[in-house]
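Source file: structure02.tsv (TSV, C-alpha atoms)
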```tsv
chain	number	residue	atom	x	y	z
H	17	MET	CA	87.34	102.88	31.50
H	18	LYS	CA	90.94	101.69	31.39
H	19	LEU	CA	93.42	101.95	34.22
H	20	GLY	CA	95.15	104.94	32.65
H	21	ASP	CA	91.94	106.89	31.87
H	22	SER	CA	91.18	110.11	33.72
H	23	VAL	CA	88.29	110.82	36.07
H	24	SER	CA	86.80	114.21	36.80
H	25	GLY	CA	89.45	116.73	37.77
H	26	GLY	CA	92.10	115.15	35.54
H	27	THR	CA	93.35	112.55	38.01
H	28	SER	CA	93.84	109.08	36.58
H	29	VAL	CA	92.39	105.96	38.12
H	30	ALA	CA	95.93	104.64	38.44
H	31	ALA	CA	96.94	107.71	40.42
H	32	LEU	CA	93.95	107.27	42.75
H	33	ALA	CA	94.85	103.63	43.21
H	34	ARG	CA	98.41	104.60	44.11
H	35	LYS	CA	97.09	107.15	46.65
H	36	ARG	CA	94.81	104.55	48.22
H	37	ALA	CA	97.73	102.16	48.42
H	38	ARG	CA	99.85	104.80	50.15
H	39	ARG	CA	97.02	105.62	52.58
H	40	ALA	CA	96.63	101.94	53.37
H	41	TRP	CA	100.12	102.02	54.86
H	42	ILE	CA	99.25	104.86	57.26
H	43	PRO	CA	97.23	102.80	59.83
H	44	ALA	CA	99.92	100.14	59.80
H	45	ALA	CA	102.61	102.76	60.37
H	46	LEU	CA	100.61	104.30	63.21
H	47	LEU	CA	100.16	100.86	64.74
H	48	VAL	CA	103.91	100.33	64.70
H	49	VAL	CA	104.44	103.72	66.38
H	50	ILE	CA	101.81	102.95	69.04
H	51	ILE	CA	103.25	99.51	69.72
H	52	CYS	CA	106.73	100.98	69.99
H	53	GLY	CA	105.40	103.67	72.33
H	54	VAL	CA	103.70	101.12	74.58
H	55	GLY	CA	106.85	99.04	74.57
H	56	PHE	CA	108.89	102.09	75.58
H	57	ILE	CA	106.50	102.94	78.44
H	58	THR	CA	106.48	99.32	79.62
H	59	ALA	CA	110.25	99.26	79.58
H	60	ARG	CA	110.36	102.47	81.59
H	61	VAL	CA	107.94	101.07	84.20
H	62	ASN	CA	109.64	97.69	84.41
H	63	GLY	CA	112.96	99.41	84.81
H	64	SER	CA	111.81	101.69	87.64
H	65	TRP	CA	111.90	101.02	91.37
H	66	TRP	CA	108.08	100.99	91.47
H	67	ALA	CA	108.08	97.61	89.73
H	68	VAL	CA	110.77	96.05	91.91
H	69	PRO	CA	109.26	93.37	94.20
H	70	VAL	CA	109.34	94.28	97.89
H	71	THR	CA	111.99	92.28	99.69
H	72	ALA	CA	113.16	92.24	103.30
H	73	PRO	CA	114.55	95.68	104.22
H	74	SER	CA	118.26	96.22	104.40
H	75	ALA	CA	119.98	97.56	107.51
H	76	ASP	CA	119.76	101.17	106.31
H	77	GLN	CA	116.05	101.01	105.42
H	78	THR	CA	114.48	100.31	108.83
H	79	ALA	CA	115.48	100.66	112.47
H	80	THR	CA	116.68	97.68	114.49
H	81	ASP	CA	113.18	97.35	116.00
H	82	GLY	CA	111.58	97.22	112.54
H	83	MET	CA	110.23	100.78	112.58
H	84	SER	CA	110.41	103.03	109.53
H	85	THR	CA	113.29	105.43	109.04
H	86	PHE	CA	113.24	108.78	107.27
H	87	THR	CA	116.57	108.62	105.51
H	88	LYS	CA	116.44	108.38	101.72
H	89	PRO	CA	116.75	104.54	101.76
H	90	GLY	CA	114.09	104.39	104.47
H	91	VAL	CA	111.64	106.62	102.60
H	92	ASP	CA	112.22	104.65	99.40
H	93	TYR	CA	111.46	101.42	101.25
H	94	PHE	CA	108.23	102.45	102.96
H	95	THR	CA	107.02	104.09	99.75
H	96	ARG	CA	107.59	100.85	97.85
H	97	SER	CA	106.21	98.59	100.59
H	98	GLY	CA	103.21	100.86	101.19
H	99	VAL	CA	103.48	100.73	105.00
H	100	VAL	CA	104.89	103.23	107.52
H	101	LYS	CA	105.58	102.00	111.06
H	102	MET	CA	106.02	104.32	114.04
H	103	GLN	CA	106.27	103.80	117.80
H	104	LEU	CA	105.00	105.99	120.64
H	105	ARG	CA	106.55	103.95	123.42
H	106	PRO	CA	109.12	104.94	126.05
H	107	ASP	CA	111.58	102.31	124.79
H	108	ALA	CA	111.14	103.18	121.10
H	109	THR	CA	114.09	104.02	118.87
H	110	PRO	CA	114.95	107.72	119.34
H	111	PRO	CA	113.87	110.03	116.49
H	112	SER	CA	117.48	111.09	115.91
H	113	ASP	CA	118.25	107.47	114.97
H	114	LEU	CA	115.32	107.43	112.53
H	115	GLY	CA	116.47	110.41	110.49
H	116	LEU	CA	114.15	112.78	112.38
H	117	PRO	CA	115.03	115.81	114.54
H	118	ALA	CA	115.37	115.20	118.28
H	119	SER	CA	112.78	117.94	118.77
H	120	GLY	CA	110.60	119.30	116.03
H	121	GLU	CA	107.96	118.59	113.42
H	122	THR	CA	108.43	116.56	110.24
H	123	VAL	CA	105.85	116.53	107.45
H	124	THR	CA	105.96	113.71	104.89
H	125	THR	CA	103.93	113.63	101.68
H	126	PRO	CA	104.57	110.26	100.02
H	127	LEU	CA	104.37	109.65	96.30
H	128	ARG	CA	101.31	107.47	96.80
H	129	PRO	CA	98.82	106.76	99.62
H	130	LEU	CA	100.23	104.52	102.34
H	131	GLU	CA	99.09	102.54	105.35
H	132	ILE	CA	100.33	103.92	108.65
H	133	ARG	CA	100.78	101.85	111.80
H	134	VAL	CA	101.36	103.68	115.07
H	135	LEU	CA	102.26	101.40	117.96
H	136	GLY	CA	101.19	102.78	121.33
H	137	PRO	CA	102.03	101.39	124.78
H	138	GLU	CA	98.87	99.24	124.79
H	139	GLY	CA	97.93	98.66	121.17
H	140	ALA	CA	98.14	99.98	117.63
H	141	PHE	CA	96.46	102.63	115.51
H	142	ILE	CA	96.26	101.49	111.87
H	143	LEU	CA	94.93	103.65	109.04
H	144	ASP	CA	94.98	102.82	105.35
H	145	ALA	CA	95.01	105.36	102.51
H	146	VAL	CA	97.11	108.11	104.10
H	147	ASP	CA	98.33	110.80	101.71
H	148	SER	CA	100.40	112.79	104.22
H	149	PHE	CA	101.52	112.50	107.82
H	150	THR	CA	103.35	114.56	110.42
H	151	VAL	CA	105.64	113.33	113.20
H	152	TRP	CA	106.36	115.36	116.33
H	153	SER	CA	109.43	114.68	118.45
H	154	GLU	CA	110.46	116.13	121.78
H	155	ASN	CA	113.66	115.52	123.77
H	156	ASP	CA	114.52	112.72	121.33
H	157	HIS	CA	111.21	110.92	121.86
H	158	THR	CA	108.42	110.57	119.30
H	159	VAL	CA	105.38	112.09	121.00
H	160	ALA	CA	102.71	112.44	118.29
H	161	VAL	CA	101.74	111.37	114.79
H	162	GLU	CA	99.08	112.98	112.60
H	163	ALA	CA	97.75	111.24	109.49
H	164	THR	CA	95.61	112.78	106.75
H	165	TYR	CA	93.12	110.36	105.24
H	166	ALA	CA	93.20	110.19	101.44
H	167	GLY	CA	89.47	109.76	100.89
H	168	ASN	CA	87.27	110.93	98.04
H	169	GLY	CA	86.66	114.29	99.72
H	170	GLU	CA	83.03	113.61	100.55
H	171	TYR	CA	81.70	114.36	104.02
H	172	GLY	CA	79.63	111.16	104.14
H	173	GLU	CA	82.68	108.97	103.56
H	174	ALA	CA	84.74	110.77	106.21
H	175	PHE	CA	82.00	110.59	108.83
H	176	ALA	CA	81.32	106.91	108.07
H	177	LEU	CA	85.00	106.18	108.73
H	178	LEU	CA	84.79	107.92	112.10
H	179	GLU	CA	81.72	105.84	112.96
H	180	ARG	CA	83.52	102.65	111.98
H	181	LEU	CA	86.69	103.43	113.95
H	182	GLY	CA	84.91	104.98	116.93
H	183	PRO	CA	84.55	101.82	119.05
H	184	ASN	CA	88.29	101.13	118.69
H	185	PHE	CA	89.29	104.50	120.09
H	186	GLY	CA	86.65	105.19	122.71
H	187	TRP	CA	84.45	107.51	120.65
H	188	THR	CA	80.80	107.03	121.57
H	189	GLU	CA	77.68	107.78	119.54
H	190	ALA	CA	77.21	110.81	121.77
H	191	ASP	CA	80.72	111.99	120.82
H	192	LEU	CA	79.90	111.63	117.13
H	193	ALA	CA	76.63	113.52	117.55
H	194	GLN	CA	78.51	116.28	119.38
H	195	LEU	CA	81.02	116.41	116.53
H	196	GLU	CA	78.26	117.12	114.01
H	197	SER	CA	76.73	119.70	116.34
H	198	ASP	CA	80.11	121.42	116.71
H	199	LEU	CA	80.48	121.49	112.93
H	200	VAL	CA	77.14	123.26	112.55
H	201	VAL	CA	78.10	125.81	115.19
H	202	ASP	CA	81.50	126.46	113.60
H	203	GLN	CA	79.88	126.87	110.18
H	204	ARG	CA	77.54	129.52	111.57
H	205	THR	CA	80.22	131.43	113.48
H	206	THR	CA	83.16	131.18	111.07
H	207	GLN	CA	83.58	134.06	108.65
H	208	GLY	CA	85.53	132.12	106.02
H	209	ASP	CA	84.68	129.24	103.71
H	210	ARG	CA	86.24	126.55	105.90
H	211	TYR	CA	84.87	125.16	109.15
H	212	SER	CA	85.93	122.25	111.34
H	213	ALA	CA	85.37	120.31	114.57
H	214	ARG	CA	87.28	117.72	116.59
H	215	ILE	CA	86.30	114.47	118.24
H	216	GLY	CA	88.32	113.31	121.23
H	217	PRO	CA	90.93	112.98	122.45
H	218	ALA	CA	89.97	109.67	124.00
H	219	ASP	CA	92.35	107.35	125.78
H	220	ALA	CA	93.07	104.27	123.68
H	221	ILE	CA	96.09	102.06	122.96
H	222	GLY	CA	97.81	103.85	125.85
H	223	ALA	CA	97.66	107.15	123.95
H	224	HIS	CA	95.34	110.07	123.24
H	225	VAL	CA	93.49	109.58	119.95
H	226	SER	CA	91.53	112.36	118.27
H	227	ALA	CA	90.33	113.35	114.82
H	228	THR	CA	89.59	116.68	113.16
H	229	ILE	CA	87.14	116.94	110.28
H	230	SER	CA	87.22	120.08	108.13
H	231	VAL	CA	84.84	121.14	105.37
H	232	ASP	CA	86.05	123.51	102.66
H	233	LEU	CA	83.13	125.15	100.86
H	234	THR	CA	85.36	126.66	98.18
H	235	ALA	CA	86.96	123.34	97.24
H	236	SER	CA	83.77	121.36	97.96
H	237	GLY	CA	85.87	118.88	99.90
H	238	THR	CA	86.24	117.34	103.35
H	239	GLU	CA	89.56	116.73	105.10
H	240	LEU	CA	89.98	114.19	107.90
H	241	ILE	CA	93.09	114.21	110.09
H	242	PHE	CA	93.78	111.68	112.87
H	243	ARG	CA	96.14	112.41	115.75
H	244	VAL	CA	97.76	109.93	118.13
H	245	ALA	CA	99.78	111.45	120.96
H	246	VAL	CA	101.47	110.53	124.23
H	247	GLU	CA	102.96	112.57	127.04
H	248	ALA	CA	106.64	113.30	126.60
H	249	PRO	CA	108.72	111.13	129.00
```
Step by step, read the file and then write its structure as structure tokens.
Amino acid sequence: MKLGDSVSGGTSVAALARKRARRAWIPAALLVVIICGVGFITARVNGSWWAVPVTAPSADQTATDGMSTFTKPGVDYFTRSGVVKMQLRPDATPPSDLGLPASGETVTTPLRPLEIRVLGPEGAFILDAVDSFTVWSENDHTVAVEATYAGNGEYGEAFALLERLGPNFGWTEADLAQLESDLVVDQRTTQGDRYSARIGPADAIGAHVSATISVDLTASGTELIFRVAVEAP
């Protein structure tokens, strides 16, 4: 058979060859598109503030004592650095100077999980992987911070974290056993699909430290919220 001869269906070998040649360009063209797409995404990421190296904060990004602020520059900085710093001390910077209300409740849900450091009068509470936190202020003093742990939603992981942190905050094995007992009781007596129990508060770092564990049967998830509080001056 010569190059110009026909095959079944009346299509010439030459025509088939030309079609194969055209199809051979398709993967190469797709590769160019994919490479260009990856290059575009990389350029977008490299050009965003997420990729900017963390440097020393400017004057409008933290308070004079190094604590986090809740102005736009302050939120941008602690989101990029991955660390939020708060004080529950009588001489701490007033909430009104941090971009918070003098009295009230402020809920923050960062763009990514953060580490939170709460400095009490006698020590610090540090928790990694926090996906939201709430700050309470009263008479221009910060009096409480709550932090929601961004775990995998499993009860075993949440309880293991409480066991690990317990010695630091005065929670005994008896307290942990009571927590599980209280959970069972609340599950039996609660009409809905969510039940919870609290451990503490115990006195640690010069503050009252407690934790609430909640189980949601509908969502098949466990929520763990830590609370650090002091008496208002």
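For the pair atom CA of H:Glu173 and atom CA of H:Thr124, the interatomic distance is 23.8 Å.
Across H:Gly186, H:Pro106, H:Pro137, H:Pro129, the tightest approach to H:Thr164 is made by H:Pro129 when counting only C-alpha atoms.
With only C-alpha atoms as the basis for measurement, H:Val146 is the residue among H:Ala223, H:Val99, H:Ala160, H:Val146 that approaches H:Ile241 most closely.
For H:Ala176, the residues within 12 Å (counting only C-alpha atoms, excluding itself and residues fewer than 3 positions away along the chain) are Gly167, Glu170, Tyr171, Gly172, Glu173, Glu179, Arg180, Leu181, Gly182, Leu192, Ile229 and Leu240 of chain H.
With only C-alpha atoms as the basis for measurement, H:Ala75 is the residue among H:Ala145, H:Ala213, H:Ala75, H:Leu199 that approaches H:Pro89 most closely.
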note - atom CA of H:Phe149 and atom CA of H:Glu121 are separated by 10.5 Å
Residues within 7 Å of H:Ser119, all atoms listed in the file, excluding chain neighbours under 2 positions, as a ChimeraX atom specification = /H:117,153-156
For the residues in that selection, give me C-alpha atoms as a PDB file, in the frame of the given file.
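File part.pdb, as written:
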```
ATOM      1  CA  PRO H 117     115.030 115.810 114.540  1.00  0.00           C
ATOM      2  CA  SER H 153     109.430 114.680 118.450  1.00  0.00           C
ATOM      3  CA  GLU H 154     110.460 116.130 121.780  1.00  0.00           C
ATOM      4  CA  ASN H 155     113.660 115.520 123.770  1.00  0.00           C
ATOM      5  CA  ASP H 156     114.520 112.720 121.330  1.00  0.00           C
TER       6      ASP H 156
END
```
| task | Give as a PyMOL selection string the set of residues within 7 Å of the point (100.7, 113.7, 110.2), where distances use the file's coordinates and all atoms listed in the file. | result | chain H and resi 123+148-151+161-164
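If all atoms listed in the file are the atoms counted, then among H:Thr238, H:Thr188, H:Ser197, H:Ser84 the closest residue to H:Asn168 is H:Thr238.
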Once you add 4 Å to each side, what are the centre and edge lengths of the axis-aligned box holding all listed atoms of stretch 141-154 of chain H? One decimal in Å, as JSON, if you can.
```
{"center_x": 102.7, "center_y": 108.8, "center_z": 111.7, "size_x": 23.5, "size_y": 22.6, "size_z": 28.1}
```
Close residues, stretch 230-237 of chain H itself excluded, 6 Å, only C-alpha atoms, min 3 positions apart in chain, as a ChimeraX atom specification: /H:169,209-212
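Across the model, the gap from atom CA of H:Thr158 to atom CA of H:Pro249 is 9.7 Å.
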Restricting to all atoms listed in the file, whichever of H:Leu178, H:Ala118, H:Leu104, H:Ile221 is closest to H:Phe141 is H:Ile221
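Candidate residues H:Asn184, H:Thr80, H:Ser74, H:Thr205 were compared for distance to H:Thr109, and the nearest is H:Thr80, using only C-alpha atoms.
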(message) Give me, as number ranges by chain, all polymer residues having an atom no more than 7 Å from H:Val134, counting only C-alpha atoms and skipping those fewer than 3 positions away in the same chain.
(response) H: 101-103, 140-142
Could you take the residues named above and write them with C-alpha atoms, as a JSON list (two decimals), keeping the file's coordinate frame?
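Just written: part31.json:
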```
[["chain", "number", "residue", "atom", "x", "y", "z"],
["H", 101, "LYS", "CA", 105.58, 102.00, 111.06],
["H", 102, "MET", "CA", 106.02, 104.32, 114.04],
["H", 103, "GLN", "CA", 106.27, 103.80, 117.80],
["H", 140, "ALA", "CA", 98.14, 99.98, 117.63],
["H", 141, "PHE", "CA", 96.46, 102.63, 115.51],
["H", 142, "ILE", "CA", 96.26, 101.49, 111.87]]
```
